[in-house]
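Peer 1: Got protein21.cif for you, mmCIF, C-alpha atoms:
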data_query
#
loop_
_atom_site.group_PDB
_atom_site.id
_atom_site.type_symbol
_atom_site.label_atom_id
_atom_site.label_comp_id
_atom_site.auth_asym_id
_atom_site.auth_seq_id
_atom_site.Cartn_x
_atom_site.Cartn_y
_atom_site.Cartn_z
ATOM 1 C CA MET V 126 20.380 11.080 28.259
ATOM 2 C CA ARG V 127 18.744 9.883 31.480
ATOM 3 C CA ASN V 128 15.291 11.005 32.600
ATOM 4 C CA ARG V 129 12.929 10.869 35.578
ATOM 5 C CA LEU V 130 9.773 10.188 33.577
ATOM 6 C CA LYS V 131 8.957 6.866 35.244
ATOM 7 C CA VAL V 132 9.285 8.320 38.761
ATOM 8 C CA LEU V 133 7.302 11.447 37.890
ATOM 9 C CA ARG V 134 4.616 9.340 36.273
ATOM 10 C CA ALA V 135 4.422 7.040 39.301
ATOM 11 C CA GLU V 136 4.113 10.037 41.643
ATOM 12 C CA ARG V 137 1.040 11.134 39.722
ATOM 13 C CA ASP V 138 -0.254 7.595 39.261
ATOM 14 C CA TRP V 139 -0.346 8.023 35.489
ATOM 15 C CA SER V 140 -0.084 5.107 33.091
ATOM 16 C CA GLN V 141 2.119 5.377 29.999
ATOM 17 C CA GLN V 142 -1.048 5.656 27.925
ATOM 18 C CA ALA V 143 -2.403 8.491 30.112
ATOM 19 C CA LEU V 144 0.841 10.429 29.697
ATOM 20 C CA ALA V 145 0.864 9.666 25.974
ATOM 21 C CA ASP V 146 -2.650 11.103 25.654
ATOM 22 C CA LEU V 147 -1.613 14.269 27.500
ATOM 23 C CA LEU V 148 1.406 14.654 25.200
ATOM 24 C CA ALA V 149 -0.481 13.784 22.005
ATOM 25 C CA VAL V 150 1.920 10.944 21.157
ATOM 26 C CA SER V 151 1.723 7.149 21.069
ATOM 27 C CA ARG V 152 2.269 4.952 24.124
ATOM 28 C CA GLN V 153 5.291 3.489 22.327
ATOM 29 C CA SER V 154 6.821 6.981 22.232
ATOM 30 C CA VAL V 155 6.454 7.412 25.985
ATOM 31 C CA ASN V 156 7.916 3.943 26.531
ATOM 32 C CA ALA V 157 10.897 4.651 24.244
ATOM 33 C CA ILE V 158 11.634 7.991 25.954
ATOM 34 C CA GLU V 159 11.179 6.554 29.438
ATOM 35 C CA THR V 160 13.545 3.653 28.796
ATOM 36 C CA GLY V 161 16.149 5.964 27.242
ATOM 37 C CA LYS V 162 15.896 4.390 23.783
ATOM 38 C CA TYR V 163 14.788 7.662 22.216
ATOM 39 C CA ASP V 164 15.695 11.247 23.096
ATOM 40 C CA PRO V 165 12.776 13.599 22.366
ATOM 41 C CA SER V 166 13.112 16.743 20.271
ATOM 42 C CA LEU V 167 13.276 20.065 22.121
ATOM 43 C CA PRO V 168 9.597 20.917 21.364
ATOM 44 C CA LEU V 169 8.458 17.543 22.758
ATOM 45 C CA ALA V 170 10.750 17.932 25.777
ATOM 46 C CA PHE V 171 9.086 21.310 26.466
ATOM 47 C CA ARG V 172 5.641 19.682 26.187
ATOM 48 C CA ILE V 173 6.720 16.993 28.663
ATOM 49 C CA ALA V 174 8.004 19.672 31.038
ATOM 50 C CA ASP V 175 4.721 21.598 30.732
ATOM 51 C CA VAL V 176 2.652 18.482 31.473
ATOM 52 C CA PHE V 177 4.603 17.867 34.688
ATOM 53 C CA GLY V 178 4.867 21.565 35.567
ATOM 54 C CA LEU V 179 8.660 21.299 35.801
ATOM 55 C CA LYS V 180 11.730 22.618 33.988
ATOM 56 C CA ILE V 181 13.283 20.418 31.288
ATOM 57 C CA GLU V 182 16.470 19.986 33.332
ATOM 58 C CA GLU V 183 14.397 18.691 36.263
ATOM 59 C CA ILE V 184 13.204 15.822 34.045
ATOM 60 C CA PHE V 185 16.104 15.130 31.682
ATOM 61 C CA LEU V 186 19.590 14.624 33.073
ATOM 62 C CA ARG V 187 22.985 14.407 31.447
ATOM 63 C CA ASP V 188 24.626 10.964 31.316
ATOM 64 C CA MET D 75 -3.306 12.423 20.752
ATOM 65 C CA ALA D 76 -2.972 8.855 19.582
ATOM 66 C CA ALA D 77 -5.962 9.698 17.396
ATOM 67 C CA THR D 78 -3.810 12.014 15.285
ATOM 68 C CA ARG D 79 -1.239 9.288 14.759
ATOM 69 C CA SER D 80 -3.838 6.741 13.790
ATOM 70 C CA SER D 81 -5.585 9.234 11.508
ATOM 71 C CA ALA D 82 -2.333 9.626 9.538
ATOM 72 C CA TYR D 83 -2.153 5.830 9.240
ATOM 73 C CA ARG D 84 -5.859 5.654 8.346
ATOM 74 C CA ARG D 85 -5.342 8.124 5.514
ATOM 75 C CA TYR D 86 -2.268 6.206 4.400
ATOM 76 C CA PHE D 87 -4.124 2.867 4.265
ATOM 77 C CA ARG D 88 -7.070 4.461 2.442
ATOM 78 C CA ARG D 89 -4.745 5.901 -0.208
ATOM 79 C CA HIS D 90 -2.766 2.662 -0.406
ATOM 80 C CA ILE D 91 -5.895 0.578 -1.014
ATOM 81 C CA GLY D 92 -7.068 3.083 -3.649
ATOM 82 C CA PHE D 93 -3.776 2.863 -5.569
ATOM 83 C CA THR D 94 -3.791 -0.937 -5.207
ATOM 84 C CA VAL D 95 -7.212 -1.112 -6.872
ATOM 85 C CA ILE D 96 -5.961 1.161 -9.674
ATOM 86 C CA TYR D 97 -2.804 -0.963 -10.031
ATOM 87 C CA LEU D 98 -4.725 -4.237 -10.298
ATOM 88 C CA ALA D 99 -7.190 -2.753 -12.798
ATOM 89 C CA ALA D 100 -4.333 -1.288 -14.877
ATOM 90 C CA ILE D 101 -2.436 -4.611 -14.860
ATOM 91 C CA ALA D 102 -5.608 -6.414 -15.978
ATOM 92 C CA LEU D 103 -6.157 -3.838 -18.748
ATOM 93 C CA ALA D 104 -2.537 -4.032 -19.935
ATOM 94 C CA SER D 105 -2.531 -7.854 -19.903
ATOM 95 C CA TRP D 106 -5.824 -7.869 -21.851
ATOM 96 C CA GLN D 107 -4.939 -5.169 -24.383
ATOM 97 C CA VAL D 108 -1.194 -5.557 -24.947
ATOM 98 C CA PRO D 109 0.130 -8.870 -26.333
ATOM 99 C CA ASP D 110 3.435 -10.156 -24.885
ATOM 100 C CA ASP D 111 5.311 -9.497 -28.140
ATOM 101 C CA ALA D 112 3.708 -6.112 -28.901
ATOM 102 C CA ARG D 113 5.930 -3.584 -30.651
ATOM 103 C CA PRO D 114 6.327 -0.248 -28.842
ATOM 104 C CA SER D 115 3.725 2.267 -29.978
ATOM 105 C CA LEU D 116 2.086 5.273 -28.391
ATOM 106 C CA GLY D 117 -0.957 3.162 -27.460
ATOM 107 C CA THR D 118 0.944 0.239 -25.898
ATOM 108 C CA VAL D 119 3.300 2.554 -24.000
ATOM 109 C CA LEU D 120 0.367 4.574 -22.620
ATOM 110 C CA ILE D 121 -1.452 1.427 -21.455
ATOM 111 C CA ALA D 122 1.740 -0.025 -19.968
ATOM 112 C CA LEU D 123 2.331 3.303 -18.201
ATOM 113 C CA LEU D 124 -0.870 3.074 -16.133
ATOM 114 C CA PRO D 125 0.329 0.445 -13.591
ATOM 115 C CA GLY D 126 3.526 2.452 -13.211
ATOM 116 C CA LEU D 127 1.512 5.534 -12.278
ATOM 117 C CA ALA D 128 -0.202 3.508 -9.546
ATOM 118 C CA VAL D 129 3.254 2.579 -8.211
ATOM 119 C CA VAL D 130 4.117 6.299 -8.192
ATOM 120 C CA GLY D 131 0.908 6.741 -6.176
ATOM 121 C CA TRP D 132 2.088 4.168 -3.596
ATOM 122 C CA ILE D 133 5.416 5.978 -3.254
ATOM 123 C CA TRP D 134 3.634 9.343 -2.922
ATOM 124 C CA SER D 135 1.327 7.953 -0.209
ATOM 125 C CA MET D 136 4.373 6.736 1.752
ATOM 126 C CA GLY D 137 5.910 10.193 1.503
ATOM 127 C CA ARG D 138 2.654 11.782 2.682
ATOM 128 C CA LEU D 139 2.635 9.458 5.694
ATOM 129 C CA LEU D 140 6.004 10.862 6.787
ATOM 130 C CA VAL D 141 4.680 14.410 6.384
ATOM 131 C CA GLU D 142 1.389 13.756 8.191
ATOM 132 C CA LEU D 143 2.713 11.704 11.121
ATOM 133 C CA ASP D 144 2.630 13.998 14.172
ATOM 134 C CA ASP D 145 4.293 11.472 16.447
ATOM 135 C CA GLU D 146 8.032 12.099 16.027
ATOM 136 C CA TYR D 147 9.074 8.712 17.427
ATOM 137 C CA MET D 148 6.810 6.799 15.032
ATOM 138 C CA ARG D 149 8.076 9.005 12.196
ATOM 139 C CA MET D 150 11.650 8.154 13.167
ATOM 140 C CA LEU D 151 10.805 4.425 13.043
ATOM 141 C CA GLU D 152 9.280 4.881 9.569
ATOM 142 C CA VAL D 153 12.291 6.861 8.324
ATOM 143 C CA ARG D 154 14.651 4.156 9.630
ATOM 144 C CA LYS D 155 12.670 1.598 7.622
ATOM 145 C CA PHE D 156 12.925 3.754 4.484
ATOM 146 C CA ILE D 157 16.693 4.125 4.918
ATOM 147 C CA ILE D 158 17.230 0.402 5.530
ATOM 148 C CA ALA D 159 14.997 -0.464 2.557
ATOM 149 C CA THR D 160 16.885 1.959 0.295
ATOM 150 C CA GLY D 161 20.294 0.726 1.425
ATOM 151 C CA SER D 162 19.436 -2.953 1.084
ATOM 152 C CA THR D 163 17.847 -2.407 -2.367
ATOM 153 C CA LEU D 164 20.871 -0.486 -3.640
ATOM 154 C CA ALA D 165 23.138 -3.207 -2.293
ATOM 155 C CA VAL D 166 21.187 -6.063 -3.902
ATOM 156 C CA VAL D 167 20.695 -4.487 -7.343
ATOM 157 C CA ASN D 168 24.268 -3.229 -7.589
ATOM 158 C CA VAL D 169 25.865 -6.491 -6.440
ATOM 159 C CA TRP D 170 23.591 -8.439 -8.801
ATOM 160 C CA GLY D 171 24.350 -5.968 -11.617
ATOM 161 C CA ILE D 172 28.094 -6.502 -11.223
ATOM 162 C CA ILE D 173 27.584 -10.279 -11.235
ATOM 163 C CA GLU D 174 25.559 -9.833 -14.452
ATOM 164 C CA LEU D 175 28.507 -7.968 -16.004
ATOM 165 C CA TYR D 176 30.924 -10.828 -15.505
ATOM 166 C CA THR D 177 28.824 -13.986 -15.634
ATOM 167 C CA ALA D 178 25.829 -15.289 -17.545
ATOM 168 C CA VAL D 179 23.379 -15.136 -14.644
ATOM 169 C CA PRO D 180 19.747 -14.184 -15.484
ATOM 170 C CA ARG D 181 19.167 -10.431 -15.770
ATOM 171 C CA LEU D 182 17.222 -8.827 -12.945
ATOM 172 C CA PRO D 183 14.294 -6.924 -14.518
ATOM 173 C CA VAL D 184 14.087 -3.361 -13.165
ATOM 174 C CA PHE D 185 10.434 -4.086 -12.401
ATOM 175 C CA PHE D 186 11.675 -5.930 -9.292
ATOM 176 C CA VAL D 187 13.410 -2.888 -7.776
ATOM 177 C CA PHE D 188 10.261 -1.600 -6.033
ATOM 178 C CA PRO D 189 9.181 -5.021 -4.681
ATOM 179 C CA LEU D 190 12.761 -5.453 -3.395
ATOM 180 C CA TRP D 191 12.509 -2.065 -1.678
ATOM 181 C CA CYS D 192 9.225 -3.131 -0.043
ATOM 182 C CA LEU D 193 10.974 -6.284 1.155
ATOM 183 C CA GLY D 194 13.591 -3.935 2.612
ATOM 184 C CA LEU D 195 10.820 -2.196 4.589
ATOM 185 C CA GLY D 196 10.129 -5.563 6.212
ATOM 186 C CA ILE D 197 13.819 -5.896 7.097
ATOM 187 C CA GLY D 198 13.652 -2.354 8.489
ATOM 188 C CA GLY D 199 10.687 -3.350 10.645
ATOM 189 C CA ILE D 200 12.680 -6.269 12.071
ATOM 190 C CA ALA D 201 15.636 -3.930 12.700
ATOM 191 C CA ASN D 202 13.303 -1.525 14.541
ATOM 192 C CA ARG D 203 12.000 -4.326 16.726
ATOM 193 C CA LEU D 204 15.527 -5.451 17.550
ATOM 194 C CA SER D 205 16.759 -1.906 18.270
ATOM 195 C CA PHE D 206 13.733 -0.303 19.946
ATOM 196 C CA GLY D 207 11.417 -3.145 20.885
ATOM 197 C CA HIS D 208 8.644 -1.798 18.653
ATOM 198 C CA ASP D 209 7.794 -1.146 15.081
ATOM 199 C CA THR D 210 5.076 0.900 13.446
ATOM 200 C CA GLY D 211 3.197 -2.264 12.490
ATOM 201 C CA ARG D 212 3.141 -1.137 8.876
ATOM 202 C CA CYS D 213 5.015 -3.137 6.287
ATOM 203 C CA ARG D 214 4.361 -0.949 3.272
#
Would you mind writing the structure in this file as structure tokens?
Peer 2:
Amino acid sequence: MRNRLKVLRAERDWSQQALADLLAVSRQSVNAIETGKYDPSLPLAFRIADVFGLKIEEIFLRD
Amino acid sequence: MAATRSSAYRRYFRRHIGFTVIYLAAIALASWQVPDDARPSLGTVLIALLPGLAVVGWIWSMGRLLVELDDEYMRMLEVRKFIIATGSTLAVVNVWGIIELYTAVPRLPVFFVFPLWCLGLGIGGIANRLSFGHDTGRCR
């Protein structure tokens, strides 16, 4: 699954650590999701969507 | 909430150190009280049981870590390590056991199963690094 996390983060000038703090996860988690190595669970995907104020499908895209 | 993740690890390390102290004290007591050639009796079995209970404590603390870790990615890395450790331990002890059946190689004492599993956690950590670029930084 592809995602737009890096772009969305850059638009807001957030570091991986800043996003990790907002999501209550580790920086490694944000890195793994951003680089497509790990697909988040649905609850975490909803949290990510809430943090960016977007819908899940506006962040995560099908391959 | 990196603090939550680290608090789960902090609790884990605190428990682990506690059980390690108990294990070392129990080993010292057993070595002091039970001679090498002691016949099995209620007393010797009870004393010899104490270090084993500390090992059960280590295993319990590892299980608690999985329950208490809020960070799902870190939990996934830990679970991968557990699976790799279990698979590699089963492979080693079963292959060695079959060799024991057919040849006169030294017997592998069952005491070594848990240390082998812990070694497997290290292999799991390497596998995590190779697959994901990170590990949890915890070997046991």
Peer 1: Measure the distance from CA of Trp132 (chain D) to CA of Phe156 (chain D) in Å and round it to one decimal.
Peer 2: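 CA of Phe156 (chain D) lies at a distance of 13.5 Å from CA of Trp132 (chain D).
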Peer 1: For this file, the PyMOL selection byres ((chain D and resi 118) around 12) selects which residues, as a list in words?
Peer 2: Leu103, Ala104, Ser105, Trp106, Gln107, Val108, Pro109, Asp110, Asp111, Ala112, Arg113, Pro114, Ser115, Leu116, Gly117, Val119, Leu120, Ile121, Ala122, Leu123 and Leu124 of chain D
Peer 1: Applied to the shown file, which residues does the PyMOL selection byres ((chain D and resi 129) around 12) return, written as an mmCIF file with C-alpha atoms, keeping the file's coordinate frame?
Peer 2:
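Result file result_28.cif:
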data_model
loop_
_atom_site.group_PDB
_atom_site.id
_atom_site.type_symbol
_atom_site.label_atom_id
_atom_site.label_comp_id
_atom_site.auth_asym_id
_atom_site.auth_seq_id
_atom_site.Cartn_x
_atom_site.Cartn_y
_atom_site.Cartn_z
ATOM 1 C CA ARG D 89 -4.745 5.901 -0.208
ATOM 2 C CA HIS D 90 -2.766 2.662 -0.406
ATOM 3 C CA ILE D 91 -5.895 0.578 -1.014
ATOM 4 C CA GLY D 92 -7.068 3.083 -3.649
ATOM 5 C CA PHE D 93 -3.776 2.863 -5.569
ATOM 6 C CA THR D 94 -3.791 -0.937 -5.207
ATOM 7 C CA VAL D 95 -7.212 -1.112 -6.872
ATOM 8 C CA ILE D 96 -5.961 1.161 -9.674
ATOM 9 C CA TYR D 97 -2.804 -0.963 -10.031
ATOM 10 C CA LEU D 98 -4.725 -4.237 -10.298
ATOM 11 C CA ALA D 100 -4.333 -1.288 -14.877
ATOM 12 C CA ILE D 101 -2.436 -4.611 -14.860
ATOM 13 C CA LEU D 123 2.331 3.303 -18.201
ATOM 14 C CA LEU D 124 -0.870 3.074 -16.133
ATOM 15 C CA PRO D 125 0.329 0.445 -13.591
ATOM 16 C CA GLY D 126 3.526 2.452 -13.211
ATOM 17 C CA LEU D 127 1.512 5.534 -12.278
ATOM 18 C CA ALA D 128 -0.202 3.508 -9.546
ATOM 19 C CA VAL D 130 4.117 6.299 -8.192
ATOM 20 C CA GLY D 131 0.908 6.741 -6.176
ATOM 21 C CA TRP D 132 2.088 4.168 -3.596
ATOM 22 C CA ILE D 133 5.416 5.978 -3.254
ATOM 23 C CA TRP D 134 3.634 9.343 -2.922
ATOM 24 C CA SER D 135 1.327 7.953 -0.209
ATOM 25 C CA MET D 136 4.373 6.736 1.752
ATOM 26 C CA PHE D 185 10.434 -4.086 -12.401
ATOM 27 C CA VAL D 187 13.410 -2.888 -7.776
ATOM 28 C CA PHE D 188 10.261 -1.600 -6.033
ATOM 29 C CA PRO D 189 9.181 -5.021 -4.681
ATOM 30 C CA CYS D 192 9.225 -3.131 -0.043
#
Peer 1: My list of candidates is D:Pro180, D:Asn168, D:Leu175, D:Lys155. Which is closest to Gly194 (chain D) when distances are computed with all atoms listed in the file?
Peer 2: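 Going through D:Pro180, D:Asn168, D:Leu175, D:Lys155 one by one, the smallest distance to Gly194 (chain D) is for D:Lys155.
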Peer 1: Name the residues that the PyMOL selection byres ((chain V) within 9 of (chain D)) pulls out of this structure, and write them as a list in words.
Peer 2: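 Written out, the selection comes to Ala145, Asp146, Leu147, Leu148, Ala149, Val150, Ser151, Arg152, Gln153, Ser154, Ala157, Ile158, Lys162, Tyr163, Pro165, Ser166 and Leu169 of chain V.
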Peer 1: Those same residues, written as a CSV table (one decimal), in the coordinates of the input with C-alpha atoms?
Peer 2:
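Contents of selection30.csv, freshly written:
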chain,number,residue,atom,x,y,z
V,145,ALA,CA,0.9,9.7,26.0
V,146,ASP,CA,-2.6,11.1,25.7
V,147,LEU,CA,-1.6,14.3,27.5
V,148,LEU,CA,1.4,14.7,25.2
V,149,ALA,CA,-0.5,13.8,22.0
V,150,VAL,CA,1.9,10.9,21.2
V,151,SER,CA,1.7,7.1,21.1
V,152,ARG,CA,2.3,5.0,24.1
V,153,GLN,CA,5.3,3.5,22.3
V,154,SER,CA,6.8,7.0,22.2
V,157,ALA,CA,10.9,4.7,24.2
V,158,ILE,CA,11.6,8.0,26.0
V,162,LYS,CA,15.9,4.4,23.8
V,163,TYR,CA,14.8,7.7,22.2
V,165,PRO,CA,12.8,13.6,22.4
V,166,SER,CA,13.1,16.7,20.3
V,169,LEU,CA,8.5,17.5,22.8
Peer 1: Could you please determine the separation between CA of Val166 (chain D) and CA of Trp191 (chain D) in Å, to one decimal place?
Peer 2: 9.8 Å
Peer 1: Have a look at CA of Glu159 (chain V) and CA of Lys131 (chain V) and let me know their distance in Å, one decimal.
Peer 2: 6.2 Å
Peer 1: Select all residues near (10.4, 19.3, 36.9) (cut-off 12 Å, inclusive, file coordinates), counting all atoms listed in the file, and output them as a list in words.
Peer 2: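 Checked against the point, the hits come out as Asn128, Arg129, Leu130, Val132, Leu133, Arg134, Ala170, Phe171, Arg172, Ile173, Ala174, Asp175, Val176, Phe177, Gly178, Leu179, Lys180, Ile181, Glu182, Glu183, Ile184, Phe185 and Leu186 of chain V.
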